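Everything on this sheet refers to the single structure shown next.
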Amino acid sequence: MTYVLHTWPDSAALIVRLVLEELGVAYRTVTIDRAGGALDSPAYRALQPMGKIPVLETPDGPIFETAAILLYLSEKHASLAPAPNTPERAAFLKWFIFVTNEVHPTVMQIFYPDRIAGPEAAAAVTLTATARLREDLTLLDDMIARDRPSWLSPDAPSILGYFVATLVRWISTLESGHPARWPAGKFPALGEVFASLETRPAALAAAKADGLGPTIFTAPT
Amino acid sequence: MYLLHDMPDSCSLIIRLVMDEAGLPCQAAPVDAEARRTDSDGYRAITPTGLIPALETPQGVVFETGAILLWLCDRHGLGPSEAAPARTTLLKWLFFVSNTLHADLRQLFYPESYVPKAAQDGHHALITARVKRHFALVDAAVADAPGLFAPGGLLAPYLAFLIRWSVLYASGPQPWFMLSDYPALALMAHTLEARPATQRLMAAERLGTTPFTAPRPATAPVAAAT
């Protein structure tokens with residue numbers, strides 16, 4: 001069975017598409033009719049009970065949660081992350097979970113600050129979330145500079161690389177002057193990883209499919 | 001022998017219960033709350049995020065509750081392996097609990113870290129509504145695949161402690177969470193609570209005999225959800 005990715009351009013489904021392209025496995029996409037209410041349809045809710053994007057249909061059933069999908073694909077195809085019970089797995093897992101638990105929710109708070117405590121508190125929420133994001137990205141950047149891990153590296157693609165690169169892509173598209181806008185150059189180790197990833201055929205193919213420009217991570221349009 | 005850096009009534013108990021149930025030897029290394037805040041005991045040299053818990057393993061230190069659980073699962077066969085079809089179900093619910101339910105609950109435990117004081121009422125209303133929806137989704141998942149949420153797995157201890165802390169440690173108007181609203185989760189919590197491993201651990205931690213279904217704060221000097 002071919003994988004089926006339910007997708008929307010430049011959403012978290014982009015991360016899954018990047019990884020599917022990098023794995024070179026057969027898949028097809030279904031673009032969700034958001035305006036038509038497809039996220040709330042019984043058929044979609046049967047696949048993804050929260051009505052969120054993405055979901056991936058697999059031979060083992062539908063799987064949702066971006067990080068769960070990425071980990072599943074890496075395990076199934078023994079690629080793009082250290083396998084279970086290999087020496088690098090522990091270090092990989094803790095930073096992978098750190099990104100899905102801390103960095104990703106913080107980025108979402110920056111994009112939707114109203115959802116935290118209403119519109120009046122949005123500016124304060126944005127500032128607090130921005131400070132937390134900077135701290136978390138500093139931890140990641142320092143870790144790369146110190147440990148040079150193979151699973152988040154300019155030398156090889158990985159599920160964690162594509163995950164972080166896409167999160168940073170989004171904050172790079174914030175309007176000029178936004179406090180959380182990605183400060184290019186402030187995180188050099190991460191920057192090297194992103195610059196290397198975006199030139200890969202898989203990244204170019206995913207960018208094209210989602211209608212994005214050729215430098216999706218370092219100079220997104 | 002594993003070394004677990006822990007604090008009373010915190011996420012380290014999730015790890016501890018999973019390890020006790022699996023018969024994995026584990027030694028506790030208490031982290032002092034004040035020392036952690038000021039880093040005077042060098043805890044950040046062990047784990048740069050300063051998060052509790054951290055588990056010292058033969059592959060180095062692992063932090064993030066979800067990462068420790070998954071690492072233990074793969075190392076000791078505590079759930080479906082990467083070759084098993086049920087792996088999809090384990091992963092999607094483990095990640096949902098970890099990065100959505102737990103992440104939102106943390107906002108209720110520590111609202112001051114997310115919003116200014118003046119906005120905390122609105123924050124409580126929005127986040128509790130969201131968390132209740134999360135619990136309802138998990139409740140349906142438990143009813144659907146009870147085996148995955150049985151004692152001995154990763155998810156039951158994780159959820160049972162989140163239920164406990166929802167009752168005890170959320171800020172704002174109370175009670176906002178009733179376990180009886182989630183029948184499958186309530187059954188899961190009752191079953192886990194009755195296990196000898198749970199009772200032994202709770203006695204040692206002075207958390208009483210009904211830590212999940214009728215929780216009361218620890219009688220130990222310091223209690224803090226994470």
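Numbering starts fresh at 1 for the residues of each chain in the structure tokens, the chains themselves are lettered A, B, ... in the order given, and ligands are numbered from 1 as they appear.
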Mind running stretch 34-121 of chain A against stretch 68-72 of chain B at 12 Å and telling me each contacting residue's nearest atom pair with the distance in Å (one decimal), counting only C-alpha atoms, chain and number ascending, as a tab-separated table?
```
residue	atom	partner	partner_atom	distance
A:Ala68	CA	B:Leu70	CA	11.5
A:Leu71	CA	B:Leu70	CA	11.1
A:Pro82	CA	B:Trp71	CA	11.9
A:Ala83	CA	B:Trp71	CA	10.8
A:Pro84	CA	B:Trp71	CA	7.7
A:Asn85	CA	B:Trp71	CA	8.1
A:Thr86	CA	B:Trp71	CA	10.5
A:Pro87	CA	B:Trp71	CA	11.2
A:Glu88	CA	B:Trp71	CA	11.1
A:Arg89	CA	B:Trp71	CA	7.8
A:Ala90	CA	B:Trp71	CA	6.6
A:Ala91	CA	B:Trp71	CA	10.0
A:Phe92	CA	B:Trp71	CA	10.2
A:Leu93	CA	B:Trp71	CA	7.5
A:Lys94	CA	B:Ile68	CA	7.4
A:Trp95	CA	B:Ile68	CA	11.2
A:Phe96	CA	B:Leu70	CA	11.5
A:Ile97	CA	B:Ile68	CA	9.5
A:Phe98	CA	B:Ile68	CA	11.4
```
Who sits within 12 Å of B:Leu51, only C-alpha atoms, same chain under 5 positions skipped, as a PDB file with N, CA and C atoms, in the first residue's frame:
```pdb
ATOM      1  N   LYS A  94      16.076  12.292  23.086  1.00  0.00           N
ATOM      2  CA  LYS A  94      15.800  13.372  24.034  1.00  0.00           C
ATOM      3  C   LYS A  94      15.684  14.713  23.314  1.00  0.00           C
ATOM      4  N   PHE A  98      12.367  16.928  22.832  1.00  0.00           N
ATOM      5  CA  PHE A  98      12.501  18.330  23.240  1.00  0.00           C
ATOM      6  C   PHE A  98      11.916  19.252  22.158  1.00  0.00           C
ATOM      7  N   GLU A 102       8.699  21.150  23.373  1.00  0.00           N
ATOM      8  CA  GLU A 102       8.980  22.514  23.824  1.00  0.00           C
ATOM      9  C   GLU A 102       8.988  23.498  22.647  1.00  0.00           C
TER      10      GLU A 102
ATOM     11  N   HIS B   5      17.286  11.076  38.322  1.00  0.00           N
ATOM     12  CA  HIS B   5      17.274  12.370  39.009  1.00  0.00           C
ATOM     13  C   HIS B   5      15.816  12.786  39.184  1.00  0.00           C
ATOM     14  N   ASP B   6      15.392  12.955  40.429  1.00  0.00           N
ATOM     15  CA  ASP B   6      13.963  13.123  40.661  1.00  0.00           C
ATOM     16  C   ASP B   6      13.647  14.214  41.673  1.00  0.00           C
ATOM     17  N   MET B   7      12.350  14.540  41.743  1.00  0.00           N
ATOM     18  CA  MET B   7      11.817  15.433  42.775  1.00  0.00           C
ATOM     19  C   MET B   7      10.486  14.848  43.231  1.00  0.00           C
ATOM     20  N   SER B  10       6.659  14.583  41.086  1.00  0.00           N
ATOM     21  CA  SER B  10       6.926  15.195  39.788  1.00  0.00           C
ATOM     22  C   SER B  10       7.001  14.107  38.718  1.00  0.00           C
ATOM     23  N   CYS B  11       7.330  14.499  37.511  1.00  0.00           N
ATOM     24  CA  CYS B  11       7.326  13.569  36.371  1.00  0.00           C
ATOM     25  C   CYS B  11       8.255  12.377  36.557  1.00  0.00           C
ATOM     26  N   SER B  12       9.223  12.508  37.432  1.00  0.00           N
ATOM     27  CA  SER B  12      10.103  11.365  37.659  1.00  0.00           C
ATOM     28  C   SER B  12       9.310  10.159  38.177  1.00  0.00           C
ATOM     29  N   VAL B  31      16.914  15.830  43.358  1.00  0.00           N
ATOM     30  CA  VAL B  31      17.404  17.137  42.922  1.00  0.00           C
ATOM     31  C   VAL B  31      16.776  18.175  43.842  1.00  0.00           C
ATOM     32  N   ALA B  33      15.210  21.566  44.807  1.00  0.00           N
ATOM     33  CA  ALA B  33      14.489  22.547  43.989  1.00  0.00           C
ATOM     34  C   ALA B  33      15.235  23.880  43.917  1.00  0.00           C
ATOM     35  N   ARG B  36      18.390  23.572  41.910  1.00  0.00           N
ATOM     36  CA  ARG B  36      18.094  23.456  40.484  1.00  0.00           C
ATOM     37  C   ARG B  36      17.830  24.835  39.876  1.00  0.00           C
ATOM     38  N   ARG B  37      17.101  25.645  40.643  1.00  0.00           N
ATOM     39  CA  ARG B  37      16.763  26.980  40.150  1.00  0.00           C
ATOM     40  C   ARG B  37      18.024  27.817  39.926  1.00  0.00           C
ATOM     41  N   ASP B  39      21.043  26.501  39.872  1.00  0.00           N
ATOM     42  CA  ASP B  39      22.042  25.609  39.275  1.00  0.00           C
ATOM     43  C   ASP B  39      23.284  25.463  40.161  1.00  0.00           C
ATOM     44  N   TYR B  43      23.249  20.832  38.156  1.00  0.00           N
ATOM     45  CA  TYR B  43      22.309  19.917  37.492  1.00  0.00           C
ATOM     46  C   TYR B  43      22.309  20.138  35.977  1.00  0.00           C
ATOM     47  N   ARG B  44      22.558  21.350  35.546  1.00  0.00           N
ATOM     48  CA  ARG B  44      22.548  21.617  34.107  1.00  0.00           C
ATOM     49  C   ARG B  44      23.740  21.007  33.376  1.00  0.00           C
ATOM     50  N   ALA B  45      24.726  20.566  34.145  1.00  0.00           N
ATOM     51  CA  ALA B  45      25.808  19.810  33.500  1.00  0.00           C
ATOM     52  C   ALA B  45      25.315  18.399  33.160  1.00  0.00           C
ATOM     53  N   ILE B  46      24.342  17.923  33.935  1.00  0.00           N
ATOM     54  CA  ILE B  46      23.762  16.602  33.657  1.00  0.00           C
ATOM     55  C   ILE B  46      22.750  16.729  32.531  1.00  0.00           C
ATOM     56  N   VAL B  61      22.893  10.320  29.439  1.00  0.00           N
ATOM     57  CA  VAL B  61      21.719  10.868  30.130  1.00  0.00           C
ATOM     58  C   VAL B  61      20.578  11.070  29.133  1.00  0.00           C
ATOM     59  N   VAL B  62      19.384  10.651  29.506  1.00  0.00           N
ATOM     60  CA  VAL B  62      18.188  10.941  28.714  1.00  0.00           C
ATOM     61  C   VAL B  62      17.296  11.864  29.530  1.00  0.00           C
ATOM     62  N   PHE B  63      16.792  12.937  28.898  1.00  0.00           N
ATOM     63  CA  PHE B  63      15.792  13.780  29.559  1.00  0.00           C
ATOM     64  C   PHE B  63      14.565  13.853  28.689  1.00  0.00           C
ATOM     65  N   GLU B  64      13.530  14.536  29.127  1.00  0.00           N
ATOM     66  CA  GLU B  64      12.189  14.567  28.542  1.00  0.00           C
ATOM     67  C   GLU B  64      11.492  13.247  28.875  1.00  0.00           C
ATOM     68  N   THR B  65      10.405  13.358  29.636  1.00  0.00           N
ATOM     69  CA  THR B  65       9.664  12.170  30.069  1.00  0.00           C
ATOM     70  C   THR B  65       9.337  11.241  28.896  1.00  0.00           C
ATOM     71  N   ALA B 225       4.439  19.546  40.763  1.00  0.00           N
ATOM     72  CA  ALA B 225       4.231  18.914  39.458  1.00  0.00           C
ATOM     73  C   ALA B 225       5.151  19.589  38.459  1.00  0.00           C
ATOM     74  N   THR B 226       5.509  18.871  37.415  1.00  0.00           N
ATOM     75  CA  THR B 226       6.372  19.468  36.399  1.00  0.00           C
ATOM     76  C   THR B 226       5.713  19.369  35.042  1.00  0.00           C
TER      77      THR B 226
END
```
Test item: residues at most 7 Å from B:Glu193, only C-alpha atoms, excluding those fewer than 5 positions along its chain, as a ChimeraX atom specification:
/B:198-199,210,212
Show me, as a PDB file with N, CA and C atoms, in the first residue's frame, the residues of chain B whose atoms get within 8 Å of chain A, using only C-alpha atoms for the distance check.
```pdb
ATOM      1  N   PRO B  48      21.151  19.899  30.133  1.00  0.00           N
ATOM      2  CA  PRO B  48      21.238  21.348  29.873  1.00  0.00           C
ATOM      3  C   PRO B  48      19.904  22.070  29.966  1.00  0.00           C
ATOM      4  N   THR B  49      18.785  21.350  29.842  1.00  0.00           N
ATOM      5  CA  THR B  49      17.494  22.020  29.936  1.00  0.00           C
ATOM      6  C   THR B  49      17.101  22.261  31.386  1.00  0.00           C
ATOM      7  N   GLN B  59      23.789   4.564  27.690  1.00  0.00           N
ATOM      8  CA  GLN B  59      23.964   5.406  26.500  1.00  0.00           C
ATOM      9  C   GLN B  59      24.022   6.889  26.851  1.00  0.00           C
ATOM     10  N   GLY B  60      24.220   7.184  28.116  1.00  0.00           N
ATOM     11  CA  GLY B  60      24.271   8.584  28.518  1.00  0.00           C
ATOM     12  C   GLY B  60      22.963   9.021  29.151  1.00  0.00           C
ATOM     13  N   VAL B  61      22.893  10.320  29.439  1.00  0.00           N
ATOM     14  CA  VAL B  61      21.719  10.868  30.130  1.00  0.00           C
ATOM     15  C   VAL B  61      20.578  11.070  29.133  1.00  0.00           C
ATOM     16  N   VAL B  62      19.384  10.651  29.506  1.00  0.00           N
ATOM     17  CA  VAL B  62      18.188  10.941  28.714  1.00  0.00           C
ATOM     18  C   VAL B  62      17.296  11.864  29.530  1.00  0.00           C
ATOM     19  N   PHE B  63      16.792  12.937  28.898  1.00  0.00           N
ATOM     20  CA  PHE B  63      15.792  13.780  29.559  1.00  0.00           C
ATOM     21  C   PHE B  63      14.565  13.853  28.689  1.00  0.00           C
ATOM     22  N   GLU B  64      13.530  14.536  29.127  1.00  0.00           N
ATOM     23  CA  GLU B  64      12.189  14.567  28.542  1.00  0.00           C
ATOM     24  C   GLU B  64      11.492  13.247  28.875  1.00  0.00           C
ATOM     25  N   GLY B  66       8.827  11.804  27.806  1.00  0.00           N
ATOM     26  CA  GLY B  66       8.449  10.983  26.655  1.00  0.00           C
ATOM     27  C   GLY B  66       9.639  10.247  26.059  1.00  0.00           C
ATOM     28  N   ALA B  67      10.789  10.900  26.025  1.00  0.00           N
ATOM     29  CA  ALA B  67      11.989  10.267  25.466  1.00  0.00           C
ATOM     30  C   ALA B  67      12.465   9.130  26.363  1.00  0.00           C
ATOM     31  N   ILE B  68      12.422   9.345  27.669  1.00  0.00           N
ATOM     32  CA  ILE B  68      12.844   8.294  28.600  1.00  0.00           C
ATOM     33  C   ILE B  68      11.912   7.086  28.473  1.00  0.00           C
ATOM     34  N   TRP B  71      12.604   5.266  25.196  1.00  0.00           N
ATOM     35  CA  TRP B  71      13.904   4.590  25.259  1.00  0.00           C
ATOM     36  C   TRP B  71      13.793   3.315  26.094  1.00  0.00           C
ATOM     37  N   ASP B  74      11.851   0.528  24.193  1.00  0.00           N
ATOM     38  CA  ASP B  74      12.610  -0.180  23.162  1.00  0.00           C
ATOM     39  C   ASP B  74      13.697  -1.052  23.781  1.00  0.00           C
ATOM     40  N   ARG B  75      14.283  -0.560  24.849  1.00  0.00           N
ATOM     41  CA  ARG B  75      15.369  -1.297  25.486  1.00  0.00           C
ATOM     42  C   ARG B  75      14.868  -2.548  26.201  1.00  0.00           C
ATOM     43  N   GLU B  82       9.334  -1.495  16.969  1.00  0.00           N
ATOM     44  CA  GLU B  82       9.216  -0.768  15.704  1.00  0.00           C
ATOM     45  C   GLU B  82       8.704  -1.664  14.584  1.00  0.00           C
ATOM     46  N   ALA B  83       8.734  -2.984  14.785  1.00  0.00           N
ATOM     47  CA  ALA B  83       8.253  -3.888  13.748  1.00  0.00           C
ATOM     48  C   ALA B  83       6.765  -4.231  13.909  1.00  0.00           C
ATOM     49  N   PRO B  85       2.685  -3.771  14.189  1.00  0.00           N
ATOM     50  CA  PRO B  85       1.667  -2.858  13.642  1.00  0.00           C
ATOM     51  C   PRO B  85       1.113  -1.886  14.686  1.00  0.00           C
ATOM     52  N   ALA B  86       1.032  -2.311  15.953  1.00  0.00           N
ATOM     53  CA  ALA B  86       0.475  -1.427  16.988  1.00  0.00           C
ATOM     54  C   ALA B  86       1.407  -0.271  17.335  1.00  0.00           C
ATOM     55  N   ARG B  87       2.603  -0.274  16.747  1.00  0.00           N
ATOM     56  CA  ARG B  87       3.536   0.835  16.996  1.00  0.00           C
ATOM     57  C   ARG B  87       2.894   2.184  16.626  1.00  0.00           C
ATOM     58  N   THR B  88       2.128   2.213  15.551  1.00  0.00           N
ATOM     59  CA  THR B  88       1.492   3.482  15.136  1.00  0.00           C
ATOM     60  C   THR B  88       0.605   4.015  16.258  1.00  0.00           C
ATOM     61  N   THR B  89      -0.169   3.116  16.869  1.00  0.00           N
ATOM     62  CA  THR B  89      -1.091   3.553  17.923  1.00  0.00           C
ATOM     63  C   THR B  89      -0.320   4.041  19.143  1.00  0.00           C
ATOM     64  N   LEU B  91       2.752   5.286  19.222  1.00  0.00           N
ATOM     65  CA  LEU B  91       3.462   6.550  18.955  1.00  0.00           C
ATOM     66  C   LEU B  91       2.497   7.722  18.910  1.00  0.00           C
ATOM     67  N   LYS B  92       1.375   7.574  18.217  1.00  0.00           N
ATOM     68  CA  LYS B  92       0.518   8.760  18.081  1.00  0.00           C
ATOM     69  C   LYS B  92      -0.044   9.189  19.423  1.00  0.00           C
ATOM     70  N   PHE B  95       2.827  10.670  21.737  1.00  0.00           N
ATOM     71  CA  PHE B  95       3.171  12.041  21.355  1.00  0.00           C
ATOM     72  C   PHE B  95       2.037  13.009  21.667  1.00  0.00           C
ATOM     73  N   PHE B  96       0.805  12.573  21.476  1.00  0.00           N
ATOM     74  CA  PHE B  96      -0.313  13.457  21.804  1.00  0.00           C
ATOM     75  C   PHE B  96      -0.314  13.781  23.303  1.00  0.00           C
ATOM     76  N   SER B  98       2.179  13.676  25.320  1.00  0.00           N
ATOM     77  CA  SER B  98       3.380  14.395  25.706  1.00  0.00           C
ATOM     78  C   SER B  98       3.389  15.847  25.203  1.00  0.00           C
ATOM     79  N   ASN B  99       3.132  16.041  23.903  1.00  0.00           N
ATOM     80  CA  ASN B  99       3.336  17.405  23.392  1.00  0.00           C
ATOM     81  C   ASN B  99       2.052  18.228  23.317  1.00  0.00           C
ATOM     82  N   THR B 100       0.909  17.622  23.572  1.00  0.00           N
ATOM     83  CA  THR B 100      -0.333  18.390  23.535  1.00  0.00           C
ATOM     84  C   THR B 100      -0.989  18.423  24.921  1.00  0.00           C
ATOM     85  N   ALA B 103       1.757  19.353  27.585  1.00  0.00           N
ATOM     86  CA  ALA B 103       2.233  20.718  27.329  1.00  0.00           C
ATOM     87  C   ALA B 103       1.171  21.748  27.737  1.00  0.00           C
ATOM     88  N   SER B 113       4.330  31.563  33.925  1.00  0.00           N
ATOM     89  CA  SER B 113       5.390  31.439  32.925  1.00  0.00           C
ATOM     90  C   SER B 113       4.881  31.719  31.514  1.00  0.00           C
ATOM     91  N   TYR B 114       3.566  31.883  31.356  1.00  0.00           N
ATOM     92  CA  TYR B 114       3.004  32.021  30.018  1.00  0.00           C
ATOM     93  C   TYR B 114       2.256  33.326  29.803  1.00  0.00           C
ATOM     94  N   VAL B 115       1.555  33.809  30.858  1.00  0.00           N
ATOM     95  CA  VAL B 115       0.712  35.004  30.682  1.00  0.00           C
ATOM     96  C   VAL B 115       0.874  35.946  31.865  1.00  0.00           C
ATOM     97  N   PRO B 116       0.632  37.252  31.621  1.00  0.00           N
ATOM     98  CA  PRO B 116       0.673  38.205  32.744  1.00  0.00           C
ATOM     99  C   PRO B 116      -0.472  37.916  33.714  1.00  0.00           C
ATOM    100  N   ALA B 119      -4.158  38.467  32.942  1.00  0.00           N
ATOM    101  CA  ALA B 119      -4.807  37.652  31.907  1.00  0.00           C
ATOM    102  C   ALA B 119      -5.059  36.220  32.365  1.00  0.00           C
ATOM    103  N   GLN B 120      -4.789  35.950  33.650  1.00  0.00           N
ATOM    104  CA  GLN B 120      -4.824  34.541  34.064  1.00  0.00           C
ATOM    105  C   GLN B 120      -6.232  33.942  34.110  1.00  0.00           C
ATOM    106  N   GLY B 122      -8.773  34.555  31.969  1.00  0.00           N
ATOM    107  CA  GLY B 122      -9.083  34.171  30.594  1.00  0.00           C
ATOM    108  C   GLY B 122      -8.252  32.977  30.148  1.00  0.00           C
ATOM    109  N   HIS B 123      -7.017  32.970  30.557  1.00  0.00           N
ATOM    110  CA  HIS B 123      -6.110  31.869  30.250  1.00  0.00           C
ATOM    111  C   HIS B 123      -6.652  30.561  30.819  1.00  0.00           C
ATOM    112  N   HIS B 124      -7.071  30.588  32.071  1.00  0.00           N
ATOM    113  CA  HIS B 124      -7.600  29.385  32.715  1.00  0.00           C
ATOM    114  C   HIS B 124      -8.815  28.858  31.952  1.00  0.00           C
ATOM    115  N   LEU B 126      -9.648  29.302  28.764  1.00  0.00           N
ATOM    116  CA  LEU B 126      -9.288  28.768  27.438  1.00  0.00           C
ATOM    117  C   LEU B 126      -8.561  27.429  27.550  1.00  0.00           C
ATOM    118  N   ILE B 127      -7.596  27.381  28.451  1.00  0.00           N
ATOM    119  CA  ILE B 127      -6.747  26.183  28.512  1.00  0.00           C
ATOM    120  C   ILE B 127      -7.491  25.005  29.153  1.00  0.00           C
ATOM    121  N   LEU B 137     -10.613  12.948  24.137  1.00  0.00           N
ATOM    122  CA  LEU B 137     -10.049  12.185  23.016  1.00  0.00           C
ATOM    123  C   LEU B 137      -9.266  10.980  23.523  1.00  0.00           C
TER     124      LEU B 137
END
```
Can you list every residue in stretch 22-218 of chain A that DSSP puts in alpha helix (DSSP H), as a ChimeraX atom specification?
/A:22-23,42-47,66-76,89-98,104-111,114-117,122-147,159-172,188-198,201-209
So which residues touch stretch 22-29 of chain A within 12 Å, counting only C-alpha atoms, skipping near sequence neighbours fewer than 5 positions away, as a compact mmCIF listing (two decimals) with N, CA and C atoms, in the first residue's frame?
```txt
# COMPACT_ATOMS: atom_id res chain seq x y z
N MET A 1 0.83 -1.20 0.00
CA MET A 1 0.00 0.00 0.00
C MET A 1 0.87 1.26 0.00
N THR A 2 0.50 2.17 -0.82
CA THR A 2 1.20 3.45 -0.87
C THR A 2 0.75 4.32 0.30
N TYR A 3 1.69 5.07 0.84
CA TYR A 3 1.31 6.02 1.90
C TYR A 3 0.39 7.10 1.32
N VAL A 4 -0.54 7.54 2.15
CA VAL A 4 -1.41 8.66 1.76
C VAL A 4 -1.24 9.76 2.80
N LEU A 5 -0.76 10.91 2.36
CA LEU A 5 -0.55 12.05 3.25
C LEU A 5 -1.66 13.07 3.03
N HIS A 6 -2.40 13.35 4.09
CA HIS A 6 -3.42 14.41 4.02
C HIS A 6 -2.71 15.71 4.36
N THR A 7 -2.78 16.64 3.45
CA THR A 7 -1.84 17.76 3.51
C THR A 7 -2.51 19.11 3.26
N TRP A 8 -1.73 20.13 3.60
CA TRP A 8 -2.09 21.52 3.31
C TRP A 8 -0.75 22.24 3.13
N PRO A 9 -0.62 23.09 2.12
CA PRO A 9 0.69 23.69 1.86
C PRO A 9 1.25 24.44 3.07
N ALA A 13 2.30 19.32 7.61
CA ALA A 13 2.37 18.25 6.60
C ALA A 13 3.61 18.41 5.72
N LEU A 14 4.11 19.65 5.59
CA LEU A 14 5.32 19.87 4.79
C LEU A 14 6.50 19.07 5.37
N ILE A 15 6.58 18.99 6.68
CA ILE A 15 7.69 18.26 7.31
C ILE A 15 7.62 16.78 6.91
N VAL A 16 6.41 16.25 6.92
CA VAL A 16 6.23 14.84 6.55
C VAL A 16 6.55 14.64 5.07
N ARG A 17 6.13 15.58 4.24
CA ARG A 17 6.41 15.47 2.81
C ARG A 17 7.92 15.50 2.55
N PRO A 54 -1.04 17.10 10.09
CA PRO A 54 -1.37 16.12 9.05
C PRO A 54 -1.83 14.79 9.66
N VAL A 55 -2.22 13.89 8.76
CA VAL A 55 -2.36 12.48 9.12
C VAL A 55 -1.77 11.69 7.94
N LEU A 56 -1.15 10.58 8.26
CA LEU A 56 -0.57 9.71 7.24
C LEU A 56 -1.24 8.35 7.33
N GLU A 57 -1.82 7.91 6.20
CA GLU A 57 -2.36 6.56 6.17
C GLU A 57 -1.23 5.60 5.80
N THR A 58 -1.09 4.54 6.61
CA THR A 58 0.00 3.59 6.43
C THR A 58 -0.58 2.17 6.39
N PRO A 59 0.24 1.19 6.01
CA PRO A 59 -0.24 -0.20 6.06
C PRO A 59 -0.58 -0.63 7.48
N LEU A 70 6.94 11.12 11.87
CA LEU A 70 8.36 11.16 11.49
C LEU A 70 9.11 9.97 12.09
N LEU A 73 8.16 6.70 10.33
CA LEU A 73 8.78 6.55 9.01
C LEU A 73 10.27 6.20 9.14
N SER A 74 10.94 6.84 10.07
CA SER A 74 12.38 6.56 10.22
C SER A 74 12.59 5.12 10.69
N GLU A 75 11.71 4.63 11.55
CA GLU A 75 11.84 3.25 12.03
C GLU A 75 11.49 2.25 10.94
N LYS A 76 10.44 2.54 10.21
CA LYS A 76 9.96 1.61 9.17
C LYS A 76 11.00 1.46 8.07
N HIS A 77 11.69 2.54 7.75
CA HIS A 77 12.63 2.51 6.63
C HIS A 77 14.09 2.54 7.11
N ALA A 78 14.29 2.39 8.42
CA ALA A 78 15.64 2.32 9.01
C ALA A 78 16.54 3.40 8.43
N SER A 79 16.06 4.64 8.52
CA SER A 79 16.77 5.74 7.88
C SER A 79 16.44 7.06 8.57
N LEU A 80 17.33 8.02 8.48
CA LEU A 80 17.10 9.42 8.90
C LEU A 80 17.02 9.62 10.41
N ALA A 81 17.35 8.59 11.20
CA ALA A 81 17.47 8.73 12.66
C ALA A 81 18.13 7.46 13.18
N ALA A 156 24.31 15.23 6.70
CA ALA A 156 23.34 14.18 6.37
C ALA A 156 21.94 14.63 6.74
N PRO A 157 20.94 14.27 5.94
CA PRO A 157 19.56 14.64 6.28
C PRO A 157 19.06 13.79 7.45
N SER A 158 18.05 14.29 8.14
CA SER A 158 17.47 13.54 9.27
C SER A 158 16.07 14.05 9.51
N ILE A 159 15.27 13.24 10.21
CA ILE A 159 13.91 13.71 10.53
C ILE A 159 13.97 14.92 11.46
N GLY A 161 16.36 17.20 11.57
CA GLY A 161 16.80 18.34 10.78
C GLY A 161 15.63 18.98 10.03
N TYR A 162 14.85 18.17 9.35
CA TYR A 162 13.71 18.72 8.60
C TYR A 162 12.65 19.31 9.55
N LEU A 197 20.36 21.38 4.11
CA LEU A 197 19.14 20.62 3.83
C LEU A 197 18.38 21.18 2.63
N GLU A 198 18.32 22.50 2.51
CA GLU A 198 17.42 23.06 1.49
C GLU A 198 17.91 22.85 0.07
N THR A 199 19.20 22.47 -0.09
CA THR A 199 19.70 22.23 -1.45
C THR A 199 19.49 20.78 -1.89
N ARG A 200 18.98 19.95 -1.02
CA ARG A 200 18.79 18.54 -1.36
C ARG A 200 17.62 18.38 -2.34
N PRO A 201 17.74 17.42 -3.25
CA PRO A 201 16.64 17.20 -4.20
C PRO A 201 15.30 17.00 -3.50
N ALA A 202 15.32 16.32 -2.36
CA ALA A 202 14.06 16.08 -1.64
C ALA A 202 13.42 17.39 -1.20
N ALA A 203 14.25 18.31 -0.68
CA ALA A 203 13.72 19.59 -0.20
C ALA A 203 13.18 20.42 -1.38
N LEU A 204 13.93 20.39 -2.49
CA LEU A 204 13.49 21.15 -3.66
C LEU A 204 12.17 20.59 -4.20
N ALA A 205 12.05 19.27 -4.19
CA ALA A 205 10.81 18.64 -4.68
C ALA A 205 9.63 18.98 -3.78
N ALA A 206 9.85 18.91 -2.46
CA ALA A 206 8.76 19.22 -1.52
C ALA A 206 8.38 20.69 -1.62
N ALA A 209 6.29 21.16 -4.69
CA ALA A 209 4.95 20.59 -4.54
C ALA A 209 4.05 21.51 -3.71
N ASP A 210 4.63 22.18 -2.72
CA ASP A 210 3.84 23.07 -1.87
C ASP A 210 3.80 24.51 -2.42
```
Rounded to one decimal in Å, what is the spacing between atom CA of B:Lys132 and atom CA of A:Gly36?
26.7 Å
From a DSSP pass on the backbone, collect the residues of chain B flagged as strand (DSSP E) and hand them back as a count of residues only.
18
Residues within 9 Å of B:Val167, please, as a ChimeraX atom specification. Count only C-alpha atoms; anything in the same chain fewer than 2 positions from it doesn't count.
/B:162-165,169-170,174-179,214-216
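The coordinates place atom CA of A:Leu137 at 12.3 Å from atom CA of A:Ala184.
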